[in-house]
>>> print(open('entry29.pdb').read())   # PDB, C-alpha atoms
ATOM      1  CA  MET L   1     -76.120  23.738-120.624
ATOM      2  CA  THR L   2     -72.348  24.128-120.885
ATOM      3  CA  ASP L   3     -70.081  21.374-119.575
ATOM      4  CA  VAL L   4     -67.592  22.844-117.088
ATOM      5  CA  PHE L   5     -64.880  20.560-118.514
ATOM      6  CA  ASP L   6     -65.182  22.164-121.964
ATOM      7  CA  ASP L   7     -64.067  25.480-120.477
ATOM      8  CA  LEU L   8     -61.434  23.826-118.271
ATOM      9  CA  ASP L   9     -59.881  21.955-121.242
ATOM     10  CA  ARG L  10     -59.804  25.107-123.341
ATOM     11  CA  ILE L  11     -58.372  27.336-120.597
ATOM     12  CA  THR L  12     -55.750  24.811-119.486
ATOM     13  CA  MET L  13     -54.589  24.045-123.018
ATOM     14  CA  ALA L  14     -54.449  27.761-123.875
ATOM     15  CA  GLY L  15     -52.296  28.411-120.811
ATOM     16  CA  ILE L  16     -49.851  25.514-120.811
ATOM     17  CA  GLY L  17     -50.412  23.590-124.045
ATOM     18  CA  ASP L  18     -47.836  23.166-126.792
ATOM     19  CA  PRO L  19     -48.047  25.732-129.606
ATOM     20  CA  ILE L  20     -48.608  24.109-133.008
ATOM     21  CA  THR L  21     -49.564  25.263-136.477
ATOM     22  CA  TYR L  22     -52.579  23.374-137.831
ATOM     23  CA  THR L  23     -53.467  23.737-141.509
ATOM     24  CA  PRO L  24     -56.711  22.061-142.556
ATOM     25  CA  ASN L  25     -56.721  20.611-146.071
ATOM     26  CA  GLY L  26     -57.511  23.522-148.380
ATOM     27  CA  GLY L  27     -57.673  25.989-145.478
ATOM     28  CA  SER L  28     -55.545  28.599-143.779
ATOM     29  CA  ALA L  29     -52.961  27.886-141.093
ATOM     30  CA  LEU L  30     -54.158  28.185-137.482
ATOM     31  CA  SER L  31     -51.857  28.865-134.543
ATOM     32  CA  ILE L  32     -53.351  26.862-131.675
ATOM     33  CA  ASN L  33     -52.245  25.105-128.519
ATOM     34  CA  ALA L  34     -52.456  21.334-128.184
ATOM     35  CA  TRP L  35     -51.151  18.552-125.995
ATOM     36  CA  ALA L  36     -48.196  17.116-127.928
ATOM     37  CA  ASP L  37     -46.466  13.848-127.086
ATOM     38  CA  HIS L  38     -43.021  13.972-128.661
ATOM     39  CA  SER L  39     -41.751  10.848-126.898
ATOM     40  CA  GLY L  40     -42.168   8.608-129.933
ATOM     41  CA  ASP L  41     -40.223  10.768-132.313
ATOM     42  CA  THR L  42     -36.650  10.852-131.009
ATOM     43  CA  ILE L  43     -33.831   8.405-130.495
ATOM     44  CA  SER L  44     -30.765   9.164-128.421
ATOM     45  CA  PHE L  45     -27.289   8.911-129.884
ATOM     46  CA  GLY L  46     -25.562   9.645-126.580
ATOM     47  CA  PHE L  47     -24.775  13.345-126.905
ATOM     48  CA  SER L  48     -27.512  14.157-129.456
ATOM     49  CA  GLU L  49     -30.926  13.002-130.610
ATOM     50  CA  GLY L  50     -32.441  12.302-134.007
ATOM     51  CA  VAL L  51     -36.042  12.276-135.176
ATOM     52  CA  THR L  52     -37.182   8.815-136.201
ATOM     53  CA  ALA L  53     -40.966   8.608-136.329
ATOM     54  CA  GLY L  54     -44.231  10.390-135.719
ATOM     55  CA  ALA L  55     -45.780  12.091-132.748
ATOM     56  CA  VAL L  56     -49.235  12.315-131.179
ATOM     57  CA  VAL L  57     -51.257  15.453-130.495
ATOM     58  CA  GLN L  58     -54.554  16.180-128.792
ATOM     59  CA  VAL L  59     -56.475  19.191-130.054
ATOM     60  CA  ASN L  60     -59.705  20.709-128.799
ATOM     61  CA  LYS L  61     -62.638  20.123-131.110
ATOM     62  CA  THR L  62     -63.533  23.770-130.504
ATOM     63  CA  ASP L  63     -60.255  24.679-132.293
ATOM     64  CA  VAL L  64     -60.462  22.030-135.025
ATOM     65  CA  ALA L  65     -63.989  20.812-135.779
ATOM     66  CA  THR L  66     -62.970  18.114-138.271
ATOM     67  CA  VAL L  67     -59.682  16.389-139.024
ATOM     68  CA  SER L  68     -58.588  14.801-142.285
ATOM     69  CA  LYS L  69     -55.501  12.813-143.232
ATOM     70  CA  GLN L  70     -54.639  15.579-145.717
ATOM     71  CA  ASP L  71     -54.271  18.219-142.965
ATOM     72  CA  ILE L  72     -50.783  19.527-142.161
ATOM     73  CA  ILE L  73     -49.488  19.951-138.608
ATOM     74  CA  TYR L  74     -46.229  21.696-137.796
ATOM     75  CA  LEU L  75     -44.630  21.100-134.395
ATOM     76  CA  PRO L  76     -42.145  23.850-133.517
ATOM     77  CA  ARG L  77     -40.428  21.676-130.902
ATOM     78  CA  THR L  78     -39.321  19.157-133.538
ATOM     79  CA  GLY L  79     -39.176  21.655-136.395
ATOM     80  CA  LEU L  80     -40.979  19.096-138.564
ATOM     81  CA  THR L  81     -44.206  18.877-140.521
ATOM     82  CA  TYR L  82     -46.622  15.983-140.039
ATOM     83  CA  GLN L  83     -49.911  14.624-141.350
ATOM     84  CA  PRO L  84     -52.538  12.671-139.429
ATOM     85  CA  VAL L  85     -52.273   8.896-139.857
ATOM     86  CA  GLU L  86     -54.902   7.967-137.265
ATOM     87  CA  ILE L  87     -57.715  10.151-135.952
ATOM     88  CA  LEU L  88     -59.750   9.256-132.865
ATOM     89  CA  SER L  89     -62.104  11.137-130.581
ATOM     90  CA  ASP L  90     -61.244  10.943-126.886
ATOM     91  CA  ARG L  91     -63.729   9.430-124.423
ATOM     92  CA  SER L  92     -65.121  12.812-123.439
ATOM     93  CA  GLY L  93     -65.851  13.775-127.038
ATOM     94  CA  ARG L  94     -64.074  17.116-126.526
ATOM     95  CA  LEU L  95     -60.656  16.330-127.998
ATOM     96  CA  TRP L  96     -59.186  14.776-131.118
ATOM     97  CA  ASN L  97     -56.352  12.281-130.538
ATOM     98  CA  ILE L  98     -54.242  12.445-133.684
ATOM     99  CA  ALA L  99     -51.329  10.118-134.434
ATOM    100  CA  LEU L 100     -48.947  11.860-136.810
ATOM    101  CA  GLY L 101     -46.582  10.691-139.505
ATOM    102  CA  LYS L 102     -43.667  12.831-140.605
ATOM    103  CA  VAL L 103     -44.033  14.447-144.030
ATOM    104  CA  ALA L 104     -41.009  13.787-146.234
ATOM    105  CA  PRO L 105     -39.151  16.949-147.223
ATOM    106  CA  ALA L 106     -39.894  18.146-150.760
TER     107      ALA L 106
END
>>> encode(input="entry29.pdb", output="structure tokens")
Amino acid sequence: MTDVFDDLDRITMAGIGDPITYTPNGGSALSINAWADHSGDTISFGFSEGVTAGAVVQVNKTDVATVSKQDIIYLPRTGLTYQPVEILSDRSGRLWNIALGKVAPA
């Protein structure tokens, strides 16, 4: 039996989620939607802002079955590339909560 919330999560995220690029370690880049919390990654300097730390994203497990700390996540809103630093399943078991750390430029 299918859980109605699985479909609701997927449909809602597809419609209003944040577009991200998720590249599993050793895999190909995926363009998916996620819930992205950018609030921890900027600091205001009055008239401008600068990126200071990581971010947090929630992704559907139907989009990303497994997560590793070697995966690469690009957030278009910040224009930066991140890697998972903490990976947790949400209470429902349908979403990954992923704390991200900024990848240093090469």
>>> atom_distance(input="entry29.pdb", atom1="atom CA of Gly15 of chain L", atom2="atom CA of Val85 of chain L")
27.3 Å
>>> closest_residue(input="entry29.pdb", among="L:Ile98, L:Ile20, L:Val67, L:Val56", to="Gly79 of chain L", atoms="only C-alpha atoms")
L:Ile20
>>> resolve_selection(input="entry29.pdb", expression="the PyMOL selection byres ((chain L and resi 84) around 8)", output="PyMOL selection string")
chain L and resi 68-73+82-83+85-87+98-101
>>> atom_distance(input="entry29.pdb", atom1="atom CA of Lys61 of chain L", atom2="atom CA of Thr81 of chain L")
20.7 Å
>>> atom_distance(input="entry29.pdb", atom1="atom CA of Ile32 of chain L", atom2="atom CA of Met13 of chain L")
9.2 Å
>>> axis_aligned_box(input="entry29.pdb", around="segment 58-77 of chain L", padding_each_side="5 Å", output="JSON")
{"center_x": -52.2, "center_y": 18.7, "center_z": -137.3, "size_x": 33.6, "size_y": 21.9, "size_z": 26.9}
>>> resolve_selection(input="entry29.pdb", expression="the PyMOL selection byres ((chain L and resi 59) around 9)", output="PyMOL selection string")
chain L and resi 13+32-36+57-58+60-64+94-98
>>> closest_residue(input="entry29.pdb", among="L:Arg91, L:Ala65, L:Lys102, L:Tyr74", to="Pro19 of chain L", atoms="all atoms listed in the file")
L:Tyr74
>>> closest_residue(input="entry29.pdb", among="L:Thr21, L:Thr66, L:Thr12, L:Ser31", to="Leu88 of chain L", atoms="all atoms listed in the file")
L:Thr66
